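Raw contents of target-v4.json, JSON, C-alpha atoms:
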[["chain", "number", "residue", "atom", "x", "y", "z"],
["A", 73, "HIS", "CA", 75.27, -27.23, -2.07],
["A", 74, "VAL", "CA", 74.31, -26.10, -5.59],
["A", 75, "THR", "CA", 70.66, -26.98, -5.04],
["A", 76, "SER", "CA", 70.54, -25.39, -1.57],
["A", 77, "SER", "CA", 72.10, -22.23, -2.93],
["A", 78, "ALA", "CA", 69.53, -21.97, -5.72],
["A", 79, "ILE", "CA", 66.63, -22.41, -3.31],
["A", 80, "ARG", "CA", 68.12, -20.07, -0.67],
["A", 81, "ASN", "CA", 68.70, -17.33, -3.24],
["A", 82, "SER", "CA", 65.39, -17.97, -5.06],
["A", 83, "GLU", "CA", 67.25, -18.30, -8.32],
["A", 84, "ASP", "CA", 66.83, -20.63, -11.28],
["A", 85, "LEU", "CA", 68.97, -23.76, -11.05],
["A", 86, "GLU", "CA", 70.62, -22.92, -14.38],
["A", 87, "VAL", "CA", 71.86, -19.65, -12.86],
["A", 88, "SER", "CA", 73.38, -21.57, -9.95],
["A", 89, "PHE", "CA", 75.08, -24.01, -12.33],
["A", 90, "LYS", "CA", 76.63, -21.07, -14.16],
["A", 91, "ARG", "CA", 77.68, -19.39, -10.93],
["A", 92, "PHE", "CA", 79.41, -22.58, -9.78],
["A", 93, "GLY", "CA", 81.04, -23.08, -13.19],
["A", 94, "LEU", "CA", 78.95, -26.17, -14.01],
["A", 95, "ASN", "CA", 77.02, -24.92, -17.01],
["A", 96, "GLY", "CA", 79.10, -27.02, -19.39],
["A", 97, "TYR", "CA", 77.90, -30.30, -17.89],
["A", 98, "SER", "CA", 74.21, -30.15, -18.73],
["A", 99, "ASN", "CA", 73.97, -33.85, -19.54],
["A", 100, "GLY", "CA", 76.10, -35.05, -16.65],
["A", 101, "ARG", "CA", 74.79, -37.24, -13.84],
["A", 102, "PHE", "CA", 75.71, -34.62, -11.21],
["A", 103, "GLN", "CA", 73.50, -31.98, -12.84],
["A", 104, "LYS", "CA", 70.65, -34.46, -13.17],
["A", 105, "LEU", "CA", 70.87, -35.37, -9.49],
["A", 106, "CYS", "CA", 70.96, -31.70, -8.54],
["A", 107, "ARG", "CA", 67.97, -31.02, -10.74],
["A", 108, "TYR", "CA", 65.98, -33.88, -9.20],
["A", 109, "ARG", "CA", 66.79, -32.80, -5.65],
["A", 110, "TYR", "CA", 65.82, -29.27, -6.62],
["A", 111, "TYR", "CA", 62.42, -30.51, -7.81],
["A", 112, "ILE", "CA", 61.73, -32.29, -4.52],
["A", 113, "GLU", "CA", 62.91, -29.40, -2.32],
["A", 114, "GLN", "CA", 60.91, -26.87, -4.34],
["A", 115, "LEU", "CA", 57.75, -29.01, -4.14],
["A", 116, "LYS", "CA", 58.08, -28.82, -0.35],
["A", 117, "ILE", "CA", 57.74, -25.03, -0.34],
["A", 118, "LEU", "CA", 55.62, -24.10, -3.39],
["A", 119, "ASN", "CA", 52.26, -22.44, -2.84],
["A", 120, "LEU", "CA", 49.62, -25.19, -2.94],
["A", 121, "ASP", "CA", 47.31, -23.15, -5.19],
["A", 122, "GLU", "CA", 50.01, -22.15, -7.65],
["A", 123, "ASP", "CA", 50.21, -23.53, -11.18],
["A", 124, "HIS", "CA", 54.00, -23.30, -11.10],
["A", 125, "GLU", "CA", 56.20, -24.18, -14.08],
["A", 126, "LEU", "CA", 57.87, -26.82, -11.90],
["A", 127, "LEU", "CA", 54.61, -28.82, -11.79],
["A", 128, "HIS", "CA", 54.82, -29.19, -15.56],
["A", 129, "GLU", "CA", 58.47, -30.23, -15.42],
["A", 130, "VAL", "CA", 58.03, -33.05, -12.89],
["A", 131, "VAL", "CA", 55.42, -34.81, -15.04],
["A", 132, "ASN", "CA", 57.97, -35.30, -17.79],
["A", 133, "GLU", "CA", 58.41, -39.07, -18.08],
["A", 134, "LYS", "CA", 62.20, -38.72, -18.14],
["A", 135, "VAL", "CA", 61.99, -37.02, -14.75],
["A", 136, "TYR", "CA", 59.51, -39.15, -12.83],
["A", 137, "MET", "CA", 60.84, -42.45, -14.22],
["A", 138, "SER", "CA", 64.37, -41.68, -13.03],
["A", 139, "PRO", "CA", 65.79, -44.04, -10.35],
["A", 140, "ALA", "CA", 65.71, -42.62, -6.83],
["A", 141, "GLY", "CA", 67.38, -45.50, -4.97],
["A", 142, "ASP", "CA", 66.01, -48.41, -2.93],
["A", 143, "GLY", "CA", 64.10, -49.64, -5.95],
["A", 144, "ARG", "CA", 61.98, -46.52, -6.11],
["A", 145, "LEU", "CA", 61.56, -43.91, -8.82],
["A", 146, "LEU", "CA", 61.69, -40.14, -8.52],
["A", 147, "GLY", "CA", 57.97, -40.21, -9.25],
["A", 148, "HIS", "CA", 57.37, -41.97, -5.92],
["A", 149, "LEU", "CA", 59.16, -39.17, -4.07],
["A", 150, "ILE", "CA", 57.24, -36.52, -6.02],
["A", 151, "LEU", "CA", 53.91, -38.20, -5.23],
["A", 152, "GLU", "CA", 54.75, -38.53, -1.54],
["A", 153, "VAL", "CA", 55.61, -34.84, -1.22],
["A", 154, "VAL", "CA", 52.50, -33.69, -3.10],
["A", 155, "ILE", "CA", 50.08, -36.02, -1.29],
["A", 156, "ASP", "CA", 51.54, -35.37, 2.16],
["A", 157, "ARG", "CA", 51.62, -31.58, 1.78],
["A", 158, "VAL", "CA", 48.08, -31.01, 0.55],
["A", 159, "PRO", "CA", 45.33, -30.88, 3.23],
["A", 160, "ASP", "CA", 42.72, -33.63, 3.36],
["A", 161, "GLU", "CA", 39.88, -31.36, 2.34],
["A", 162, "GLU", "CA", 40.80, -30.29, -1.17],
["A", 163, "ILE", "CA", 43.56, -30.19, -3.78],
["A", 164, "SER", "CA", 43.97, -27.60, -6.53],
["A", 165, "GLU", "CA", 43.63, -28.87, -10.11],
["A", 166, "PRO", "CA", 47.30, -28.21, -11.07],
["A", 167, "TRP", "CA", 48.53, -30.27, -8.10],
["A", 168, "GLN", "CA", 45.96, -32.97, -8.71],
["A", 169, "GLN", "CA", 47.13, -33.13, -12.31],
["A", 170, "VAL", "CA", 50.66, -33.97, -11.13],
["A", 171, "ILE", "CA", 49.31, -37.06, -9.38],
["A", 172, "LEU", "CA", 47.13, -38.17, -12.29],
["A", 173, "SER", "CA", 49.88, -37.54, -14.88],
["A", 174, "ILE", "CA", 52.38, -39.71, -13.03],
["A", 175, "ALA", "CA", 50.32, -42.48, -11.44],
["A", 176, "ASN", "CA", 46.81, -42.15, -12.92],
["A", 177, "ASP", "CA", 43.67, -42.75, -10.86],
["A", 178, "PRO", "CA", 44.13, -45.22, -7.97],
["A", 179, "ARG", "CA", 40.52, -46.39, -8.29],
["A", 180, "VAL", "CA", 41.36, -49.30, -10.56],
["A", 181, "SER", "CA", 41.87, -52.99, -10.03],
["A", 182, "THR", "CA", 44.57, -53.58, -7.39],
["A", 183, "THR", "CA", 46.09, -56.18, -9.71],
["A", 184, "SER", "CA", 46.69, -53.69, -12.53],
["A", 185, "ALA", "CA", 50.30, -52.94, -13.45],
["A", 186, "GLU", "CA", 49.95, -49.20, -12.76],
["A", 187, "TYR", "CA", 48.44, -49.78, -9.33],
["A", 188, "GLN", "CA", 51.23, -52.20, -8.43],
["A", 189, "GLN", "CA", 53.95, -49.87, -9.69],
["A", 190, "TRP", "CA", 52.75, -46.57, -8.26],
["A", 191, "TRP", "CA", 50.07, -46.93, -5.61],
["A", 192, "MET", "CA", 51.15, -50.01, -3.67],
["A", 193, "PRO", "CA", 54.46, -48.41, -2.58],
["A", 194, "LEU", "CA", 52.63, -45.26, -1.39],
["A", 195, "GLY", "CA", 50.52, -47.08, 1.19],
["A", 196, "GLN", "CA", 46.79, -47.23, 1.97],
["A", 197, "GLU", "CA", 46.65, -43.94, 3.88],
["A", 198, "ARG", "CA", 47.87, -41.95, 0.88],
["A", 199, "ILE", "CA", 45.59, -43.89, -1.47],
["A", 200, "GLU", "CA", 42.56, -43.03, 0.67],
["A", 201, "LYS", "CA", 43.59, -39.38, 0.80],
["A", 202, "VAL", "CA", 43.82, -39.18, -3.00],
["A", 203, "THR", "CA", 40.54, -41.07, -3.37],
["A", 204, "GLY", "CA", 38.89, -38.43, -1.17],
["A", 205, "TRP", "CA", 40.16, -35.61, -3.40],
["A", 206, "LEU", "CA", 39.03, -37.41, -6.53],
["A", 207, "SER", "CA", 35.57, -38.00, -5.04],
["A", 208, "ARG", "CA", 35.24, -34.26, -4.54],
["A", 209, "PHE", "CA", 36.32, -33.71, -8.14],
["A", 210, "ASP", "CA", 33.95, -36.43, -9.44],
["A", 211, "LEU", "CA", 31.07, -34.72, -7.67],
["A", 212, "LYS", "CA", 32.09, -31.37, -9.13],
["A", 213, "LEU", "CA", 32.04, -32.88, -12.64],
["A", 214, "PHE", "CA", 28.71, -34.61, -12.07],
["A", 215, "LEU", "CA", 27.11, -31.43, -10.76],
["A", 216, "GLU", "CA", 28.37, -29.58, -13.83],
["A", 217, "VAL", "CA", 26.69, -32.21, -16.04],
["A", 218, "LEU", "CA", 23.50, -31.95, -13.95],
["A", 219, "ARG", "CA", 23.53, -28.14, -14.24],
["A", 220, "VAL", "CA", 23.94, -28.24, -18.02],
["A", 221, "THR", "CA", 21.16, -30.83, -18.29],
["A", 222, "ALA", "CA", 18.77, -28.71, -16.22],
["A", 223, "ASN", "CA", 19.55, -25.49, -18.12],
["A", 224, "LYS", "CA", 19.28, -27.23, -21.47],
["A", 225, "SER", "CA", 15.78, -28.46, -20.62],
["A", 226, "GLY", "CA", 14.60, -24.88, -20.14],
["A", 227, "ASP", "CA", 12.30, -26.23, -17.43],
["A", 228, "ARG", "CA", 12.26, -23.82, -14.47],
["A", 229, "SER", "CA", 11.34, -26.58, -12.00],
["A", 230, "LYS", "CA", 14.31, -28.70, -13.13],
["A", 231, "ILE", "CA", 16.65, -25.74, -12.77],
["A", 232, "GLU", "CA", 15.38, -25.18, -9.22],
["A", 233, "MET", "CA", 15.63, -28.92, -8.51],
["A", 234, "PHE", "CA", 19.28, -28.86, -9.61],
["A", 235, "LYS", "CA", 20.00, -26.32, -6.87],
["A", 236, "THR", "CA", 18.41, -28.53, -4.18],
["A", 237, "ARG", "CA", 20.19, -31.67, -5.38],
["A", 238, "LYS", "CA", 23.49, -29.79, -5.52],
["A", 239, "LYS", "CA", 23.00, -28.53, -1.97],
["A", 240, "PHE", "CA", 22.23, -32.02, -0.69],
["A", 241, "MET", "CA", 25.28, -33.71, -2.25],
["A", 242, "GLU", "CA", 27.67, -30.88, -1.40],
["A", 243, "GLY", "CA", 26.32, -31.06, 2.14],
["A", 244, "LEU", "CA", 27.29, -34.72, 2.35],
["A", 245, "LEU", "CA", 30.74, -33.75, 1.15],
["A", 246, "GLU", "CA", 31.17, -30.97, 3.69],
["A", 247, "LEU", "CA", 30.03, -33.34, 6.45],
["A", 248, "LYS", "CA", 32.95, -35.55, 5.31],
["A", 249, "LEU", "CA", 30.60, -38.47, 4.77],
["A", 250, "ILE", "CA", 31.61, -39.22, 1.17],
["A", 251, "LYS", "CA", 34.37, -41.83, 1.34],
["A", 252, "SER", "CA", 34.67, -42.76, -2.33],
["A", 253, "SER", "CA", 32.92, -42.30, -5.65],
["A", 254, "ARG", "CA", 32.69, -43.45, -9.23],
["A", 255, "LEU", "CA", 31.53, -41.38, -12.18],
["A", 256, "PHE", "CA", 29.59, -42.77, -15.16],
["A", 257, "LEU", "CA", 29.23, -40.47, -18.16],
["A", 258, "GLY", "CA", 26.97, -40.66, -21.20],
["A", 259, "TYR", "CA", 28.38, -39.84, -24.63],
["A", 260, "GLU", "CA", 27.26, -36.22, -24.73],
["A", 261, "ALA", "CA", 28.44, -35.40, -21.20],
["A", 262, "ALA", "CA", 31.83, -37.00, -21.77],
["A", 263, "SER", "CA", 32.25, -35.07, -25.01],
["A", 264, "ASN", "CA", 31.25, -31.77, -23.40],
["A", 265, "LEU", "CA", 33.58, -32.22, -20.43],
["A", 266, "LYS", "CA", 36.51, -33.14, -22.67],
["A", 267, "ARG", "CA", 35.89, -29.99, -24.68],
["A", 268, "THR", "CA", 35.54, -27.68, -21.66],
["A", 269, "LYS", "CA", 37.97, -29.31, -19.22],
["A", 270, "GLY", "CA", 40.40, -31.08, -21.53],
["A", 271, "SER", "CA", 40.86, -34.85, -21.51],
["A", 272, "GLU", "CA", 43.87, -34.65, -19.21],
["A", 273, "GLN", "CA", 41.79, -32.88, -16.55],
["A", 274, "LEU", "CA", 39.20, -35.66, -16.25],
["A", 275, "THR", "CA", 39.45, -38.31, -13.60],
["A", 276, "ALA", "CA", 38.89, -41.92, -14.58],
["A", 277, "TYR", "CA", 35.24, -42.49, -15.45],
["A", 278, "ALA", "CA", 33.14, -45.31, -16.81],
["A", 279, "GLY", "CA", 31.11, -44.90, -19.97],
["A", 280, "LEU", "CA", 27.34, -45.32, -20.31],
["A", 281, "ASN", "CA", 25.73, -46.40, -23.57],
["A", 282, "SER", "CA", 23.44, -43.40, -23.39],
["A", 283, "SER", "CA", 23.68, -40.09, -25.17],
["A", 284, "ASP", "CA", 22.04, -38.33, -22.22],
["A", 285, "THR", "CA", 22.20, -40.06, -18.84],
["A", 286, "SER", "CA", 25.14, -39.60, -16.48],
["A", 287, "ILE", "CA", 25.38, -41.18, -13.03],
["A", 288, "ILE", "CA", 27.48, -40.91, -9.89],
["A", 289, "TYR", "CA", 28.01, -43.54, -7.20],
["A", 290, "LEU", "CA", 28.83, -42.26, -3.70],
["A", 291, "ASN", "CA", 29.95, -44.28, -0.70],
["A", 292, "VAL", "CA", 28.29, -42.32, 2.11],
["A", 293, "ASP", "CA", 29.93, -43.52, 5.30],
["A", 294, "GLY", "CA", 29.59, -47.15, 4.23],
["A", 295, "LEU", "CA", 26.16, -46.87, 2.61],
["A", 296, "HIS", "CA", 25.78, -46.81, -1.17],
["A", 297, "MET", "CA", 24.07, -43.96, -2.98],
["A", 298, "ILE", "CA", 23.45, -43.73, -6.74],
["A", 299, "GLU", "CA", 22.33, -40.46, -8.32],
["A", 300, "GLY", "CA", 21.74, -39.63, -11.97],
["A", 301, "THR", "CA", 20.46, -37.18, -14.54],
["A", 302, "HIS", "CA", 17.35, -37.42, -16.73],
["A", 303, "ASN", "CA", 14.46, -38.52, -14.51],
["A", 304, "PHE", "CA", 16.67, -40.67, -12.33],
["A", 305, "ALA", "CA", 15.34, -41.86, -8.97],
["A", 306, "VAL", "CA", 18.04, -41.55, -6.29],
["A", 307, "LYS", "CA", 18.85, -44.89, -4.68],
["A", 308, "VAL", "CA", 20.50, -45.78, -1.37],
["A", 309, "MET", "CA", 21.27, -49.28, -0.12],
["A", 310, "ASP", "CA", 23.21, -51.01, 2.61],
["A", 311, "GLN", "CA", 24.87, -53.46, 0.22],
["A", 312, "ILE", "CA", 25.36, -53.60, -3.53],
["A", 313, "PRO", "CA", 23.96, -56.56, -5.48],
["A", 314, "ASP", "CA", 26.45, -58.37, -7.71],
["A", 315, "ASP", "CA", 24.32, -57.55, -10.74],
["A", 316, "THR", "CA", 24.98, -53.83, -10.14],
["A", 317, "PRO", "CA", 28.79, -53.86, -10.51],
["A", 318, "VAL", "CA", 29.43, -50.17, -9.80],
["A", 319, "LEU", "CA", 32.71, -50.99, -8.04],
["A", 320, "ASN", "CA", 33.98, -53.53, -10.54],
["A", 321, "TYR", "CA", 36.76, -51.45, -12.08],
["A", 322, "GLY", "CA", 37.40, -54.14, -14.66],
["A", 323, "ILE", "CA", 34.16, -53.01, -16.32],
["A", 324, "THR", "CA", 34.43, -49.60, -17.93],
["A", 325, "HIS", "CA", 31.24, -49.46, -20.02],
["A", 326, "PHE", "CA", 27.70, -49.99, -18.73],
["A", 327, "ASN", "CA", 24.10, -50.00, -19.89],
["A", 328, "ASP", "CA", 22.28, -47.28, -18.00],
["A", 329, "ASP", "CA", 19.36, -49.64, -17.25],
["A", 330, "LYS", "CA", 21.73, -51.36, -14.79],
["A", 331, "PHE", "CA", 21.23, -48.29, -12.59],
["A", 332, "ARG", "CA", 17.51, -47.75, -12.99],
["A", 333, "ALA", "CA", 14.63, -50.13, -12.17],
["A", 334, "ARG", "CA", 16.88, -53.19, -12.35],
["A", 335, "VAL", "CA", 18.78, -52.21, -9.20],
["A", 336, "LYS", "CA", 15.82, -52.86, -6.90],
["A", 337, "ARG", "CA", 15.01, -56.16, -8.62],
["A", 338, "SER", "CA", 18.66, -57.25, -8.37],
["A", 339, "TYR", "CA", 18.79, -56.28, -4.69],
["A", 340, "PHE", "CA", 15.64, -58.27, -3.83],
["A", 341, "LYS", "CA", 16.73, -61.26, -5.92],
["A", 342, "GLU", "CA", 20.14, -61.48, -4.23],
["A", 343, "PHE", "CA", 19.26, -60.60, -0.63],
["A", 344, "GLY", "CA", 15.67, -61.87, -0.43],
["A", 345, "THR", "CA", 14.36, -58.59, 0.96],
["A", 346, "ASP", "CA", 14.32, -54.90, 0.11],
["A", 347, "ASP", "CA", 14.48, -53.70, 3.70],
["A", 348, "GLY", "CA", 17.94, -52.18, 3.21],
["A", 349, "TYR", "CA", 17.04, -50.47, -0.06],
["A", 350, "ILE", "CA", 15.24, -47.20, -0.78],
["A", 351, "GLU", "CA", 14.74, -45.01, -3.79],
["A", 352, "ALA", "CA", 13.04, -41.66, -4.18],
["A", 353, "ASN", "CA", 11.90, -39.48, -7.05],
["A", 354, "HIS", "CA", 13.06, -35.89, -6.72],
["A", 355, "ASP", "CA", 10.22, -33.53, -5.91],
["A", 356, "ARG", "CA", 9.84, -29.92, -4.82],
["A", 357, "HIS", "CA", 8.17, -30.80, -1.52],
["A", 358, "LEU", "CA", 11.25, -32.04, 0.40],
["A", 359, "ASN", "CA", 9.93, -35.62, 0.50],
["A", 360, "TRP", "CA", 13.00, -37.17, -1.11],
["A", 361, "GLN", "CA", 15.38, -35.38, 1.27],
["A", 362, "TYR", "CA", 13.26, -36.46, 4.25],
["A", 363, "LYS", "CA", 13.27, -40.08, 3.05],
["A", 364, "LEU", "CA", 17.06, -40.13, 2.60],
["A", 365, "ILE", "CA", 17.84, -38.36, 5.87],
["A", 366, "ASN", "CA", 15.68, -40.85, 7.77],
["A", 367, "TYR", "CA", 17.19, -43.82, 5.98],
["A", 368, "PHE", "CA", 20.72, -42.71, 6.82],
["A", 369, "ASP", "CA", 19.67, -42.06, 10.42],
["A", 370, "GLU", "CA", 18.35, -45.63, 10.74],
["A", 371, "TYR", "CA", 21.81, -46.89, 9.76],
["A", 372, "GLY", "CA", 23.62, -44.62, 12.19],
["A", 373, "VAL", "CA", 24.72, -41.96, 9.69],
["A", 374, "GLU", "CA", 23.75, -38.57, 11.10],
["A", 375, "ILE", "CA", 22.81, -35.92, 8.56],
["A", 376, "PRO", "CA", 21.60, -32.66, 10.13],
["A", 377, "ALA", "CA", 18.92, -31.33, 7.79],
["A", 378, "ASP", "CA", 20.27, -27.78, 7.91],
["A", 379, "LYS", "CA", 23.55, -29.01, 6.37],
["A", 380, "VAL", "CA", 21.94, -30.45, 3.24],
["A", 381, "LEU", "CA", 19.11, -27.97, 2.69],
["A", 382, "THR", "CA", 19.09, -24.31, 1.72],
["A", 383, "ARG", "CA", 17.96, -21.85, 4.37],
["A", 384, "VAL", "CA", 14.52, -21.49, 2.77],
["A", 385, "GLU", "CA", 14.16, -25.27, 2.41],
["A", 386, "TYR", "CA", 15.20, -25.85, 6.00],
["A", 387, "ARG", "CA", 12.49, -23.52, 7.28],
["A", 388, "LYS", "CA", 9.86, -25.37, 5.23],
["A", 389, "TYR", "CA", 11.33, -28.71, 6.29],
["A", 390, "LYS", "CA", 10.97, -27.87, 9.98],
["A", 391, "GLU", "CA", 7.37, -26.78, 9.44],
["A", 392, "LYS", "CA", 6.52, -29.97, 7.58],
["A", 393, "PHE", "CA", 8.56, -32.67, 9.35],
["A", 394, "GLY", "CA", 9.95, -31.19, 12.53],
["A", 395, "VAL", "CA", 13.73, -31.29, 12.91],
["A", 396, "ASN", "CA", 16.34, -33.88, 13.76],
["A", 397, "ILE", "CA", 18.86, -32.60, 16.35],
["A", 398, "TYR", "CA", 22.24, -34.28, 16.93]]
The structure in this file should be written as structure tokens.
Amino acid sequence: HVTSSAIRNSEDLEVSFKRFGLNGYSNGRFQKLCRYRYYIEQLKILNLDEDHELLHEVVNEKVYMSPAGDGRLLGHLILEVVIDRVPDEEISEPWQQVILSIANDPRVSTTSAEYQQWWMPLGQERIEKVTGWLSRFDLKLFLEVLRVTANKSGDRSKIEMFKTRKKFMEGLLELKLIKSSRLFLGYEAASNLKRTKGSEQLTAYAGLNSSDTSIIYLNVDGLHMIEGTHNFAVKVMDQIPDDTPVLNYGITHFNDDKFRARVKRSYFKEFGTDDGYIEANHDRHLNWQYKLINYFDEYGVEIPADKVLTRVEYRKYKEKFGVNIY
């Protein structure tokens, strides 16, 4: 009744306690239960873009670690409400931060204590939904690193190339083809992002023993794409060789040569062929986009060229290669 009254009247819970003559029992179990119910009910109606004070209260360990019955914690209820309310497409950073503050990134070993405690009870559907949001955020971070790298070079062609690479990867995202991701950051990029975003805003990432190179892995509708900064040839393959452990979350630091020329050698060594593997150097003549679009098409992944190219590029692409129509 106290909680319902506070929500109905849009008043602070402390005001309701005072109105009901309960302000002298601030440490009592009844007030705690009211407060916790208030959190859950408010989360159900808050604006999804709002950085509300309540979002900062629910990530207090004393709150989310409180028992909620049936062997679950209040944190499980908070996570369920947040994950279920937010649309599949995108989550605002304040709401994403609630998830990461309570349960951390789900893209870890399924045997880890945190995964067992928080993610297992939430179910695979919710895990996949969160993974989708984090993939979008990973790509946003990677593109920021790529932009800074291009601008820092002062090379006009690299700055223009950043725009085309950004369009291609964001196109894959908008086509809802990116199913999961993993971000690998060099020292300088990690330091810059921590300074500009804050450590608590970063998703889980793996480190590279490189001051410059940063890399992103994308699962594109079941195919595996690896992109990187600093003269990195984009790679796509139908299966990942064991010697390229991009999805081994037990490994958190990598040599960047694992993602360069060694990938093709590892693929051929393990699978005895390179038929399911391609790589392309980025150029200004649309050849790398054409190569990737055709590769994906061969494996049944449809990528309309106009969705991953700028308007000017698409016109040139049609003149040079024709057009794929789905």
Quiz item: Do you know which residues are at most 8 Å from A:Ile155 counting all atoms listed in the file, after dropping those on the same chain fewer than 5 positions away, and could you put them as a ChimeraX atom specification?
Solution: /A:198,201-202
Quiz item: Smallest atom-to-atom distance to A:Lys224: which of A:Asp121, A:Asp284, A:Thr382, A:Asp160, using all atoms listed in the file?
Solution: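 Closest to A:Lys224 of all the choices is A:Asp284.
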Exercise. Could you check which of A:Leu172, A:Asn281, A:Glu129, A:Trp191 is closest to A:His325, using only C-alpha atoms?
Key: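 Checking each of A:Leu172, A:Asn281, A:Glu129, A:Trp191 against A:His325, counting only C-alpha atoms, the winner is A:Asn281.
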Quiz item: Using all atoms listed in the file, which of A:Lys238, A:Arg228, A:Lys388, A:His302 sits nearest A:Gly258?
Solution: A:His302
Quiz item: A:Gln169: which residues within 12 Å, counting all atoms listed in the file, same-chain residues fewer than 3 positions away excluded, as a list in words?
Solution: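 Near neighbours after the sequence-gap exclusion: Asp123, Leu127, His128, Val130, Val131, Leu151, Val154, Ile155, Ile163, Ser164, Glu165, Pro166, Leu172, Ser173, Ile174, Ala175, Asn176, Asp177, Val202, Trp205, Leu206, Phe209, Gly270, Ser271, Glu272, Gln273, Leu274 and Thr275 of chain A.
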Residues just named, written with C-alpha atoms as a PDB file, in the coordinates of the input:
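Produced file out17.pdb, reproduced below:
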ATOM      1  CA  ASP A 123      50.210 -23.530 -11.180  1.00  0.00           C
ATOM      2  CA  LEU A 127      54.610 -28.820 -11.790  1.00  0.00           C
ATOM      3  CA  HIS A 128      54.820 -29.190 -15.560  1.00  0.00           C
ATOM      4  CA  VAL A 130      58.030 -33.050 -12.890  1.00  0.00           C
ATOM      5  CA  VAL A 131      55.420 -34.810 -15.040  1.00  0.00           C
ATOM      6  CA  LEU A 151      53.910 -38.200  -5.230  1.00  0.00           C
ATOM      7  CA  VAL A 154      52.500 -33.690  -3.100  1.00  0.00           C
ATOM      8  CA  ILE A 155      50.080 -36.020  -1.290  1.00  0.00           C
ATOM      9  CA  ILE A 163      43.560 -30.190  -3.780  1.00  0.00           C
ATOM     10  CA  SER A 164      43.970 -27.600  -6.530  1.00  0.00           C
ATOM     11  CA  GLU A 165      43.630 -28.870 -10.110  1.00  0.00           C
ATOM     12  CA  PRO A 166      47.300 -28.210 -11.070  1.00  0.00           C
ATOM     13  CA  LEU A 172      47.130 -38.170 -12.290  1.00  0.00           C
ATOM     14  CA  SER A 173      49.880 -37.540 -14.880  1.00  0.00           C
ATOM     15  CA  ILE A 174      52.380 -39.710 -13.030  1.00  0.00           C
ATOM     16  CA  ALA A 175      50.320 -42.480 -11.440  1.00  0.00           C
ATOM     17  CA  ASN A 176      46.810 -42.150 -12.920  1.00  0.00           C
ATOM     18  CA  ASP A 177      43.670 -42.750 -10.860  1.00  0.00           C
ATOM     19  CA  VAL A 202      43.820 -39.180  -3.000  1.00  0.00           C
ATOM     20  CA  TRP A 205      40.160 -35.610  -3.400  1.00  0.00           C
ATOM     21  CA  LEU A 206      39.030 -37.410  -6.530  1.00  0.00           C
ATOM     22  CA  PHE A 209      36.320 -33.710  -8.140  1.00  0.00           C
ATOM     23  CA  GLY A 270      40.400 -31.080 -21.530  1.00  0.00           C
ATOM     24  CA  SER A 271      40.860 -34.850 -21.510  1.00  0.00           C
ATOM     25  CA  GLU A 272      43.870 -34.650 -19.210  1.00  0.00           C
ATOM     26  CA  GLN A 273      41.790 -32.880 -16.550  1.00  0.00           C
ATOM     27  CA  LEU A 274      39.200 -35.660 -16.250  1.00  0.00           C
ATOM     28  CA  THR A 275      39.450 -38.310 -13.600  1.00  0.00           C
TER      29      THR A 275
END
Exercise. To one decimal in Å, tell me the separation between atom CA of A:Gln114 and atom CA of A:Arg144.
Key: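 Answer for the atom CA of A:Gln114 to atom CA of A:Arg144 separation: 19.8 Å.
Residues in contact with stretch 322-324 of chain A at up to 7 Å, not including ones fewer than 2 positions away on its chain and judged by only C-alpha atoms, are Ser181, Ala278, Gly279, Asn320 and Phe326 of chain A.
Residues in contact range of A:Gly348, defined as at most 8 Å between all atoms listed in the file, with sequence neighbours fewer than 6 positions away removed, read Met309, Asp310 and Gln311 of chain A.
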Quiz prompt | Nearest candidate to A:Lys251 (options A:Lys230, A:Arg332, A:Lys239, A:Arg208; using all atoms listed in the file) | solution =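 Smallest distance to A:Lys251 is found for A:Arg208.
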Self-check item: Polymer residues at most 10 Å from A:Lys248, all atoms listed in the file, same-chain spacing of 2 or more positions, as a list in words
Solution: Glu161, Gly204, Glu242, Gly243, Leu244, Leu245, Glu246, Ile250, Lys251, Val292 and Asp293 of chain A
Could you take the residues named above and write them with C-alpha atoms, as a PDB file, in the frame of the given file?
ATOM      1  CA  GLU A 161      39.880 -31.360   2.340  1.00  0.00           C
ATOM      2  CA  GLY A 204      38.890 -38.430  -1.170  1.00  0.00           C
ATOM      3  CA  GLU A 242      27.670 -30.880  -1.400  1.00  0.00           C
ATOM      4  CA  GLY A 243      26.320 -31.060   2.140  1.00  0.00           C
ATOM      5  CA  LEU A 244      27.290 -34.720   2.350  1.00  0.00           C
ATOM      6  CA  LEU A 245      30.740 -33.750   1.150  1.00  0.00           C
ATOM      7  CA  GLU A 246      31.170 -30.970   3.690  1.00  0.00           C
ATOM      8  CA  ILE A 250      31.610 -39.220   1.170  1.00  0.00           C
ATOM      9  CA  LYS A 251      34.370 -41.830   1.340  1.00  0.00           C
ATOM     10  CA  VAL A 292      28.290 -42.320   2.110  1.00  0.00           C
ATOM     11  CA  ASP A 293      29.930 -43.520   5.300  1.00  0.00           C
TER      12      ASP A 293
END
Quiz prompt | Pick from A:Tyr289, A:Phe234, A:Tyr187, A:Trp360, whichever lies nearest to A:Ser207 using all atoms listed in the file | solution =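 Checking each of A:Tyr289, A:Phe234, A:Tyr187, A:Trp360 against A:Ser207, counting all atoms listed in the file, the winner is A:Tyr289.
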Quiz item: At most 12 Å from (17.8, -52.9, 2.1), file frame, all atoms listed in the file: which residues, as number ranges by chain?
Solution: A: 295-296, 307-313, 335-351, 367-368, 370-371
Exercise. Find the residues with any atom within 12 Å of (32.1, -40.0, -17.2); use all atoms listed in the file and the coordinates as given in the file, and write the answer as an MDAnalysis selection string.
Key: chainID A and resid 209:217 253:266 271 274:289 300 324:326
Listed atoms of stretch 370-379 of chain A boxed along x, y and z, 8 Å each side, centre and edge lengths in Å, one decimal, as lines of an AutoDock Vina configuration file:
center_x = 21.5
center_y = -37.3
center_z = 9.3
size_x = 22.4
size_y = 35.1
size_z = 21.8
